[in-house]
Amino acid sequence: MTRLAPFAWRLAGLGVGILLVLLWQRIADARVIPAVFLPGPDQAWASLLAGFESGGLWPKLLATVLRMVYGWLLASLLGIAIGAAIGMSALARTYIGPTLEFLRPLPAPAIIPLAIAFFGLSDTMVLGVIGFGALWPMLLATMHGFAAVEPRLYEVARTLGLSRLGVVVKIALPSSLPDILAGMRLGLTIALILAVVGEMLTGQDGLGTWILRAARAFRAADLFAGVILLGLLGYLSAQALSLVESRLLRWRARAR
Amino acid sequence: MSGRRERGGGAAAKAVIVPAALLMLAELAMRLTGFKSDSVAPPSEILVAAFQALHDGSIARATGETLLSAFGGLAIGGLVGLIVGIVLGSVAILDRLFDFSIETIRPIPPIALMPIALMVFGFGARLEIAVVAFAAVWPVLILTRAAIAGIEPQLLEVARALRLGFGARVFKIVVPAILPRLFVALRLATGVAVIVAVTVEITVNPVGLGYAIMIAGQSLRPDLMLALLIWIGLVGWGLNFALQATERSLFGFAMPRARP
């Protein structure tokens with residue numbers, strides 16, 4: 001019974017979702033809103049299938065996913081490395097920390113013109129913008145995580161005669177892993193947004209360019225298909241990451 | 001915390017020393033080498049460009065356009081998020097039924113909806129307001145729902161004992177109880193709204209600060225471009241600061257006190 005109840009709720013939630021899609025279909029069929037603006041889910045679905053069957057949509061999806069993942073990995077590496085370097089030293093924290101906190105709320109897309117001035121309308125530019133924009137959650141999480149390590153653990157490290165690298169790998173990183181993973185989840189969301197924005201601006205092949213062109217040509221079914229695909233991408237990547245997160249943090253739940 | 005406050009002056013000086021030194025270094029390096037570039041400018045030229053743009057009113061106009069769209073979208077999206085958040089937070093059955101749908105729609109990047117808004121509204125403020133509204137719904141909705149879940153159970157028992165109806169319960173008990181946390185939601189949503197507004201302007205919409213910075217970059221005015229970049233940062237930072245100060249003065253009494 002207790003095992004069944006969450007499953008039943010999930011099923012009911014799915015039912016509500018299906019009802020909402022049916023409602024969308026009814027509204028579209030009733031032509032309350034012109035069909036140019038609101039295609040039914042059937043049309044969007046047909047467009048999605050047609051795109052995949054003709055093979056035209058796969059490379060676009062792949063291009064966006066790769067751009068997002070590469071940029072995100074770049075941002076994660078940079079963020080964790082810089083965050084660890086600053087987090088390890090109290091001196092760096094007092095001198096550089098406030099500057100970083102000030103830079104963080106800057107809208108990442110605002111640096112796009114600067115990136116274009118340096119790299120032109122290229123793939124490198126998009127990667128650079130994602131790398132810079134998605135960096136902050138990881139950097140600050142690592143920095144705070146390293147600063148918040150239980151001091152007694154550092155004493156243990158000293159007693160064991162661990163090297164500096166040993167302290168980072170064996171103590172500081174595992175202990176700030178929950179913060180870092182939360183930051184990486186946030187960073188992935190930002191990476192997807194910046195990948196799409198970057199594609200729209202540079203015209204590189206990808207889902208962002210595809211939906212913008214569909215909108216300019218009033219191909220509403222293609223447009224909605226692309227938006228659904230992007231939504232799915234956001235949903236699945238977040239789900240995958242929380243799966244990894246719960247796997248990696250199992251030791252922590254057990255310790256409680 | 002108290003230790004940091006005692007050294008407040010010193011901490012502020014330590015915070016600015018690194019960026020100040022870097023700026024001086026950049027200025028010196030560019031002056032001494034006579035370096036000319038289409039992508040960066042020495043800090044002094046950025047400052048001059050900033051003063052010029054402030055003086056001729058172009059920054060003020062662009063800021064006005066951006067903030068109008070940001071706050072317009074925030075008002076619509078925030079209201080929707082508030083209402084839906086209150087309903088879902090107060091009625092547990094609805095909350096569970098709609099959870100799947102909400103968690104499916106929420107990860108759609110707001111920017112992905114921009115082409116739809118572009119197709120429907122064309123260029124202009126309405127396009128931007130629509131995208132900002134979509135983005136602003138979620139922080140308000142999620143935090144409102146969470147705030148209601150965190151209401152003291154005794155308050156709800158009082159409501160039940162007084163036999164308050166749904167409307168009276170919401171307006172006399174729930175809203176006053178969650179007000180401080182609603183303000184936090186408002187602050188977060190404001191940050192999101194400004195970021196999304198600037199993003200929409202950079203990507204497609206030819207108004208506001210985002211468009212101004214794109215044009216400055218394209219017309220090879222790195223000084224103006226960097227001045228606008230700093231200005232955008234200041235606007236976001238200033239809004240956050242003002243809202244945080246308001247929050248403290250309005251709800252300072254309700255802030256969770258430091259627990260041992």
# chains A, B, ... in the order shown; residues from 1 in each chain; ligands from 1
>>> closest_atom_pairs(of="chain B", to="chain A", cutoff="6 Å", atoms="only C-alpha atoms", output="Markdown table")
| residue | atom | partner | partner_atom | distance |
| --- | --- | --- | --- | --- |
| B:Lys14 | CA | A:Tyr95 | CA | 5.3 |
| B:Ala15 | CA | A:Tyr95 | CA | 5.2 |
| B:Ser39 | CA | A:Ala117 | CA | 4.9 |
| B:Leu97 | CA | A:Gly13 | CA | 4.4 |
| B:Phe98 | CA | A:Gly13 | CA | 5.8 |
| B:Phe100 | CA | A:Gly13 | CA | 5.4 |
| B:Ser101 | CA | A:Gly17 | CA | 5.2 |
| B:Pro107 | CA | A:Gly234 | CA | 5.2 |
| B:Ile108 | CA | A:Gly231 | CA | 4.0 |
| B:Pro109 | CA | A:Ile193 | CA | 5.9 |
| B:Ala112 | CA | A:Val227 | CA | 5.8 |
| B:Pro115 | CA | A:Ala215 | CA | 5.4 |
| B:Met119 | CA | A:Ala215 | CA | 5.5 |
| B:Ile195 | CA | A:Pro107 | CA | 5.1 |
| B:Thr199 | CA | A:Pro109 | CA | 5.7 |
| B:Met214 | CA | A:Pro113 | CA | 5.6 |
| B:Gly217 | CA | A:Pro113 | CA | 5.4 |
| B:Gly233 | CA | A:Leu106 | CA | 4.9 |
>>> residues_around(residues="range 83-85 of chain B", least_positions_apart="5", cutoff="9 Å", atoms="only C-alpha atoms", output="JSON, numbers by chain")
{"B": [78, 90, 140, 141, 142, 143, 144, 145, 146, 148]}
>>> closest_residue(among="A:Ala30, A:Ala195, A:Leu248, A:Leu241", to="Asp123 in chain A", atoms="only C-alpha atoms")
A:Ala195
>>> residues_around(residues="Val175 in chain B", least_positions_apart="3", cutoff="12 Å", atoms="only C-alpha atoms", output="compact mmCIF listing (two decimals) with C-alpha atoms, in the first residue's frame")
# COMPACT_ATOMS: atom_id res chain seq x y z
CA LEU B 82 1.83 33.68 -6.92
CA ILE B 83 -1.74 32.58 -7.63
CA GLY B 85 1.73 28.77 -6.00
CA ILE B 86 -0.92 29.66 -3.38
CA VAL B 87 -3.48 27.28 -4.87
CA GLY B 89 0.45 25.10 -1.76
CA SER B 90 -2.95 25.15 -0.08
CA THR B 144 5.42 30.40 -2.76
CA ARG B 145 4.57 26.71 -2.68
CA ALA B 147 6.70 28.96 1.83
CA ILE B 148 3.15 27.71 2.35
CA ILE B 151 3.79 27.77 7.61
CA LEU B 155 -1.66 29.01 12.40
CA LEU B 156 -3.60 26.68 10.14
CA GLY B 167 -10.51 33.02 0.74
CA ALA B 168 -10.30 34.22 4.33
CA ARG B 169 -7.70 31.58 5.14
CA VAL B 170 -5.55 32.69 2.21
CA PHE B 171 -5.77 36.43 2.87
CA LYS B 172 -5.83 36.48 6.69
CA ILE B 178 4.52 33.89 3.85
CA LEU B 179 5.05 37.60 3.09
CA PRO B 180 8.74 37.70 4.07
CA ARG B 181 9.52 34.69 1.90
CA LEU B 182 7.43 36.11 -0.94
CA PHE B 183 9.72 39.09 -0.91
>>> select_by_dssp(residues="range 94-231 of chain B", states="helix (DSSP H, G or I)", output="PyMOL selection string")
chain B and resi 94-105+110-121+125-149+153-161+166-203+208-218+222-231
>>> write_last_selection(atoms="C-alpha atoms", output="mmCIF file, in the first residue's frame")
data_model
loop_
_atom_site.group_PDB
_atom_site.id
_atom_site.type_symbol
_atom_site.label_atom_id
_atom_site.label_comp_id
_atom_site.auth_asym_id
_atom_site.auth_seq_id
_atom_site.Cartn_x
_atom_site.Cartn_y
_atom_site.Cartn_z
ATOM 1 C CA LEU B 94 -3.879 19.593 -6.832
ATOM 2 C CA ASP B 95 -0.211 19.959 -5.934
ATOM 3 C CA ARG B 96 0.420 16.253 -6.445
ATOM 4 C CA LEU B 97 -1.713 16.059 -9.590
ATOM 5 C CA PHE B 98 0.023 18.966 -11.336
ATOM 6 C CA ASP B 99 3.533 18.196 -10.137
ATOM 7 C CA PHE B 100 4.417 16.137 -13.210
ATOM 8 C CA SER B 101 3.120 18.759 -15.660
ATOM 9 C CA ILE B 102 4.949 21.584 -13.891
ATOM 10 C CA GLU B 103 8.220 19.688 -13.689
ATOM 11 C CA THR B 104 7.927 18.986 -17.416
ATOM 12 C CA ILE B 105 7.217 22.576 -18.483
ATOM 13 C CA PRO B 110 12.635 30.726 -21.662
ATOM 14 C CA ILE B 111 14.796 31.634 -24.630
ATOM 15 C CA ALA B 112 13.307 28.706 -26.564
ATOM 16 C CA LEU B 113 9.921 30.390 -26.286
ATOM 17 C CA MET B 114 11.313 33.589 -27.747
ATOM 18 C CA PRO B 115 10.722 32.557 -31.382
ATOM 19 C CA ILE B 116 7.069 31.799 -30.553
ATOM 20 C CA ALA B 117 6.649 35.203 -28.933
ATOM 21 C CA LEU B 118 8.453 36.759 -31.893
ATOM 22 C CA MET B 119 6.053 35.114 -34.318
ATOM 23 C CA VAL B 120 2.979 36.167 -32.342
ATOM 24 C CA PHE B 121 3.943 39.693 -31.258
ATOM 25 C CA ALA B 125 8.067 45.376 -25.752
ATOM 26 C CA ARG B 126 5.303 42.754 -25.903
ATOM 27 C CA LEU B 127 7.684 40.103 -27.213
ATOM 28 C CA GLU B 128 10.060 40.751 -24.360
ATOM 29 C CA ILE B 129 7.355 40.970 -21.703
ATOM 30 C CA ALA B 130 5.945 37.609 -22.778
ATOM 31 C CA VAL B 131 9.318 35.842 -22.510
ATOM 32 C CA VAL B 132 10.174 37.507 -19.192
ATOM 33 C CA ALA B 133 6.732 36.583 -17.825
ATOM 34 C CA PHE B 134 7.306 32.899 -18.607
ATOM 35 C CA ALA B 135 10.693 32.981 -16.912
ATOM 36 C CA ALA B 136 9.430 34.870 -13.837
ATOM 37 C CA VAL B 137 6.586 32.433 -13.105
ATOM 38 C CA TRP B 138 8.822 29.636 -11.822
ATOM 39 C CA PRO B 139 10.858 31.161 -8.997
ATOM 40 C CA VAL B 140 7.702 32.776 -7.570
ATOM 41 C CA LEU B 141 5.602 29.623 -7.964
ATOM 42 C CA ILE B 142 8.181 27.282 -6.444
ATOM 43 C CA LEU B 143 9.064 29.562 -3.522
ATOM 44 C CA THR B 144 5.419 30.395 -2.764
ATOM 45 C CA ARG B 145 4.565 26.714 -2.677
ATOM 46 C CA ALA B 146 7.531 26.003 -0.426
ATOM 47 C CA ALA B 147 6.697 28.963 1.833
ATOM 48 C CA ILE B 148 3.151 27.709 2.350
ATOM 49 C CA ALA B 149 4.474 24.263 3.172
ATOM 50 C CA PRO B 153 0.838 24.286 11.624
ATOM 51 C CA GLN B 154 -0.664 26.092 14.630
ATOM 52 C CA LEU B 155 -1.661 29.008 12.401
ATOM 53 C CA LEU B 156 -3.596 26.685 10.140
ATOM 54 C CA GLU B 157 -5.189 25.094 13.190
ATOM 55 C CA VAL B 158 -6.312 28.556 14.276
ATOM 56 C CA ALA B 159 -7.853 29.046 10.833
ATOM 57 C CA ARG B 160 -9.666 25.746 11.185
ATOM 58 C CA ALA B 161 -10.848 26.588 14.707
ATOM 59 C CA PHE B 166 -10.687 29.311 1.679
ATOM 60 C CA GLY B 167 -10.506 33.018 0.739
ATOM 61 C CA ALA B 168 -10.305 34.221 4.332
ATOM 62 C CA ARG B 169 -7.702 31.581 5.136
ATOM 63 C CA VAL B 170 -5.554 32.689 2.214
ATOM 64 C CA PHE B 171 -5.773 36.425 2.869
ATOM 65 C CA LYS B 172 -5.828 36.484 6.685
ATOM 66 C CA ILE B 173 -3.441 33.649 7.520
ATOM 67 C CA VAL B 174 -1.462 32.338 4.552
ATOM 68 C CA VAL B 175 -0.416 35.537 2.765
ATOM 69 C CA PRO B 176 0.696 37.439 5.895
ATOM 70 C CA ALA B 177 2.606 34.366 7.089
ATOM 71 C CA ILE B 178 4.516 33.889 3.849
ATOM 72 C CA LEU B 179 5.053 37.596 3.088
ATOM 73 C CA PRO B 180 8.743 37.702 4.069
ATOM 74 C CA ARG B 181 9.525 34.689 1.903
ATOM 75 C CA LEU B 182 7.431 36.107 -0.936
ATOM 76 C CA PHE B 183 9.724 39.094 -0.909
ATOM 77 C CA VAL B 184 12.728 36.821 -1.324
ATOM 78 C CA ALA B 185 10.948 35.235 -4.284
ATOM 79 C CA LEU B 186 10.331 38.702 -5.718
ATOM 80 C CA ARG B 187 14.011 39.550 -5.412
ATOM 81 C CA LEU B 188 15.122 36.362 -7.161
ATOM 82 C CA ALA B 189 12.497 36.804 -9.874
ATOM 83 C CA THR B 190 13.642 40.393 -10.456
ATOM 84 C CA GLY B 191 17.170 39.164 -11.103
ATOM 85 C CA VAL B 192 15.857 36.554 -13.533
ATOM 86 C CA ALA B 193 13.649 39.140 -15.254
ATOM 87 C CA VAL B 194 16.535 41.543 -15.914
ATOM 88 C CA ILE B 195 18.779 38.761 -17.223
ATOM 89 C CA VAL B 196 16.074 37.411 -19.530
ATOM 90 C CA ALA B 197 15.151 40.910 -20.765
ATOM 91 C CA VAL B 198 18.778 41.677 -21.672
ATOM 92 C CA THR B 199 19.146 38.259 -23.311
ATOM 93 C CA VAL B 200 16.071 38.755 -25.486
ATOM 94 C CA GLU B 201 17.393 42.178 -26.523
ATOM 95 C CA ILE B 202 20.804 40.788 -27.398
ATOM 96 C CA THR B 203 19.325 37.933 -29.385
ATOM 97 C CA GLY B 208 17.053 48.502 -24.613
ATOM 98 C CA LEU B 209 20.467 47.865 -23.085
ATOM 99 C CA GLY B 210 21.009 44.502 -24.760
ATOM 100 C CA TYR B 211 20.553 45.997 -28.202
ATOM 101 C CA ALA B 212 22.694 49.006 -27.307
ATOM 102 C CA ILE B 213 25.597 46.785 -26.287
ATOM 103 C CA MET B 214 25.278 44.669 -29.452
ATOM 104 C CA ILE B 215 25.330 47.805 -31.607
ATOM 105 C CA ALA B 216 28.316 49.218 -29.728
ATOM 106 C CA GLY B 217 30.174 45.972 -30.368
ATOM 107 C CA GLN B 218 29.238 45.859 -34.047
ATOM 108 C CA PRO B 222 34.825 48.722 -27.479
ATOM 109 C CA ASP B 223 34.877 51.627 -25.011
ATOM 110 C CA LEU B 224 31.105 52.075 -25.164
ATOM 111 C CA MET B 225 30.530 48.319 -25.264
ATOM 112 C CA LEU B 226 32.513 47.751 -22.074
ATOM 113 C CA ALA B 227 30.915 50.781 -20.430
ATOM 114 C CA LEU B 228 27.484 49.263 -21.162
ATOM 115 C CA LEU B 229 28.628 45.870 -19.901
ATOM 116 C CA ILE B 230 29.618 47.438 -16.591
ATOM 117 C CA TRP B 231 26.391 49.467 -16.521
#
>>> atom_distance(atom1="CA of Ala84 in chain A", atom2="CA of Leu188 in chain A")
19.6 Å
>>> closest_atom_pairs(of="range 2-84 of chain A", to="range 138-142 of chain A", cutoff="10 Å", atoms="only C-alpha atoms", output="tab-separated table")
residue	atom	partner	partner_atom	distance
A:Ala75	CA	A:Met138	CA	7.8
A:Ser76	CA	A:Met138	CA	6.2
A:Leu77	CA	A:Met138	CA	8.8
A:Leu78	CA	A:Leu139	CA	7.7
A:Gly79	CA	A:Leu139	CA	4.0
A:Ile80	CA	A:Leu139	CA	5.5
A:Ala81	CA	A:Leu139	CA	7.8
A:Ile82	CA	A:Leu139	CA	6.5
A:Gly83	CA	A:Leu139	CA	4.5
A:Ala84	CA	A:Thr142	CA	5.9
>>> write_last_selection(atoms="C-alpha atoms", output="mmCIF file, in the first residue's frame")
data_model
loop_
_atom_site.group_PDB
_atom_site.id
_atom_site.type_symbol
_atom_site.label_atom_id
_atom_site.label_comp_id
_atom_site.auth_asym_id
_atom_site.auth_seq_id
_atom_site.Cartn_x
_atom_site.Cartn_y
_atom_site.Cartn_z
ATOM 1 C CA ALA A 75 32.892 25.607 -17.407
ATOM 2 C CA SER A 76 32.910 22.804 -14.832
ATOM 3 C CA LEU A 77 36.661 22.198 -15.148
ATOM 4 C CA LEU A 78 37.466 25.892 -14.983
ATOM 5 C CA GLY A 79 34.972 26.554 -12.205
ATOM 6 C CA ILE A 80 36.117 23.703 -9.985
ATOM 7 C CA ALA A 81 39.812 24.407 -10.589
ATOM 8 C CA ILE A 82 39.584 28.139 -9.922
ATOM 9 C CA GLY A 83 37.140 27.625 -7.060
ATOM 10 C CA ALA A 84 39.464 25.077 -5.459
#
